[in-house]
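Enquirer: Starting off with a structure, shown below.
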Amino acid sequence: MTDTSAYVPPKVWTWDKENGGQFASINRPIAGATHDKELPVGRHPLQLYSLATPNGVKVTVMLEELLALGHEGAEYDAWLIRIGNGDQFGSGFVDINPNSKIPALMDRSGPESIRVFESGSILFYLAEKFGAFLPKDIKTRTEAMSWLFWQMGSAPYLGGGFGHFYAYAPTRIEYAIDRFAMETKRQLDVLDRRLADNEYLAGSEYTIADIAVWPWYGALAKGLVYGAGEFLSVQDYKNVQRWTDQIAKRPAVKRGRMVNRVSGDPASQLHERHDASDFETKTQDKLAPAS
């Protein structure tokens, strides 16, 4: 066990700007804008400001799924917010999301624009607006909402807990890694048990619950985040693997994963999305040679 007894917390915590590892430049103990910057606005009613983190992927998958169902009102502009550069602290972004986290959505389709922030809230808003991916019967609807809120409450232990201390923290702390690895595996077991007898999280119907959970736990199940697949024995969760593969095959999911992506295969990166044709003409593999 690593000896951490040398650290004694002070009576009053003070901010050390150098603390925080690779995120030190963007983490701070206060809210609000750091600079004035208006956000761009495109031609579609829905304006999304995001990055292809798991939380960002939720919303682009949802929008692409709605378009695949024929909901023309779900057409959107997706603008890239580079959180490593602090774009989320610009005044325009903070006006939409005072919490300075991606994704953030503006719905300009009505007489008054509506801001929506927090990924779970955006999924619910879009499901209600278009009447899709949220069951009508109260039992299944409630099951979907329960799993949606499960994800919102559980993922911080995966990302901010396990992911941070295993992959990003400047110092490897055995206690922290053990604690959050245990919790992450427990969560995978929760999902695996649910999916043993259900095709999707709410039952037989694909819903916003799956759209919310898949970008986090599907990526984890395939070893795509934190380099931790072997460490967590993700292959053992057979039902999660089946569900992950099934969702990954959906054409709208494939498109949604590409939007606002800035890493990986250039052919999978569509930094901004303003038209459906962008998937064919504006991925980085096509733009990079010209630049």
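Residues in the structure tokens are numbered from 1 in each chain, the chains being A, B, ... in the order shown, and ligands are numbered from 1 in the order shown.
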Considering only C-alpha atoms, return as number ranges by chain whatever protein or nucleic-acid residues lie within 12 Å of A:Ile208, sequence-local ones (same chain, fewer than 5 positions apart) excluded.
Expert: A: 58-59, 61-63, 65-66, 119-128, 131-135, 140-149, 151, 200-202, 213-215
Enquirer: Using only C-alpha atoms, which of the listed residues (A:Leu224, A:Ile114, A:Ile211, A:Ile30) sits closest to A:Ser100?
Expert: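 Comparing A:Leu224, A:Ile114, A:Ile211, A:Ile30 against A:Ser100, the winner is A:Ile30.
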Enquirer: If we count only C-alpha atoms and set the cut-off at 8 Å, which residues sit around A:Val94, ignoring sequence neighbours fewer than 5 positions away in its own chain? Please answer as a short mmCIF file (atom, residue, chain, number, x, y, z; two decimals) with all heavy atoms, in the first residue's frame.
Expert:
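Result file follows (result_36.cif):
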data_model
loop_
_atom_site.label_atom_id
_atom_site.label_comp_id
_atom_site.auth_asym_id
_atom_site.auth_seq_id
_atom_site.Cartn_x
_atom_site.Cartn_y
_atom_site.Cartn_z
N GLY A 32 -17.88 31.25 -13.91
CA GLY A 32 -17.95 32.48 -14.68
C GLY A 32 -16.99 32.51 -15.84
O GLY A 32 -16.12 31.65 -15.99
N ALA A 33 -17.15 33.52 -16.69
CA ALA A 33 -16.32 33.65 -17.89
C ALA A 33 -14.94 34.18 -17.56
O ALA A 33 -14.76 34.97 -16.63
CB ALA A 33 -17.01 34.58 -18.88
N GLN A 88 -14.73 26.82 -23.20
CA GLN A 88 -15.94 26.73 -22.38
C GLN A 88 -16.06 27.86 -21.37
O GLN A 88 -17.11 28.00 -20.72
CB GLN A 88 -15.99 25.37 -21.67
CG GLN A 88 -14.96 25.18 -20.56
CD GLN A 88 -13.62 24.67 -21.08
OE1 GLN A 88 -13.21 24.96 -22.19
NE2 GLN A 88 -12.92 23.92 -20.25
N PHE A 89 -15.01 28.65 -21.25
CA PHE A 89 -15.06 29.78 -20.33
C PHE A 89 -15.29 31.11 -21.04
O PHE A 89 -15.23 32.17 -20.43
CB PHE A 89 -13.75 29.86 -19.53
CG PHE A 89 -13.49 28.64 -18.68
CD1 PHE A 89 -12.37 27.85 -18.90
CD2 PHE A 89 -14.38 28.26 -17.69
CE1 PHE A 89 -12.13 26.73 -18.14
CE2 PHE A 89 -14.15 27.12 -16.92
CZ PHE A 89 -13.01 26.36 -17.14
N ASN A 99 -22.25 26.39 -15.94
CA ASN A 99 -21.33 25.41 -15.36
C ASN A 99 -20.10 25.18 -16.23
O ASN A 99 -19.20 24.42 -15.85
CB ASN A 99 -22.07 24.08 -15.13
CG ASN A 99 -21.33 23.16 -14.20
OD1 ASN A 99 -20.72 23.59 -13.21
ND2 ASN A 99 -21.35 21.87 -14.50
N SER A 100 -20.05 25.80 -17.40
CA SER A 100 -18.87 25.72 -18.29
C SER A 100 -18.46 24.29 -18.62
O SER A 100 -17.27 23.95 -18.60
CB SER A 100 -17.68 26.48 -17.68
OG SER A 100 -17.95 27.86 -17.64
#
Enquirer: Which one of A:Val190, A:Lys139, A:Thr283, A:Ser204 sits closest to A:Arg255 if you count only C-alpha atoms?
Expert: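 Closest to A:Arg255 of all the choices is A:Thr283.
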Enquirer: From the DSSP assignment of the backbone, select every residue of stretch 40-132 of chain A that is alpha helix (DSSP H), and format the answer as a PyMOL selection string.
Expert: chain A and resi 54-68+91-96+119-130
Enquirer: May I have the residues within 12 Å of stretch 175-181 of chain A as a ChimeraX atom specification, using only C-alpha atoms and disregarding those fewer than 5 positions away in the same chain?
Expert: /A:1-5,154-169,186-188,226,228-229,231-234
Enquirer: Could you please determine the separation between atom CA of A:Asp275 and atom CA of A:His44 in Å, to one decimal place?
Expert: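 That distance, rounded to one decimal, is 9.3 Å.
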Enquirer: A:Val8, A:Ala78, A:Ile26, A:Met258: which is nearest A:Glu272, counting only C-alpha atoms?
Expert: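 With only C-alpha atoms as the atom set, the closest residue is A:Ala78.
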Enquirer: Can you tell me, as a list in words, what residues are no more than 9 Å from A:Lys286 when counting only C-alpha atoms, ignoring any on the same chain fewer than 6 positions away?
Expert: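 Counting only the stated atoms, we get Pro266, Ala267 and Glu280 of chain A.
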Enquirer: For a quick check of understanding, using only C-alpha atoms, which of A:Arg261, A:His71, A:Arg194, A:Lys136 has the smallest distance to A:Trp243?
Expert: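 Counting only C-alpha atoms, the residue closest to A:Trp243 is A:Arg194.
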Enquirer: Would you please work out which residue, of A:Ala74, A:Val225, A:Ala104, A:Val12, is nearest to A:Val116 when using only C-alpha atoms?
Expert: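 Between A:Ala74, A:Val225, A:Ala104, A:Val12, the residue approaching A:Val116 most closely is A:Ala104.
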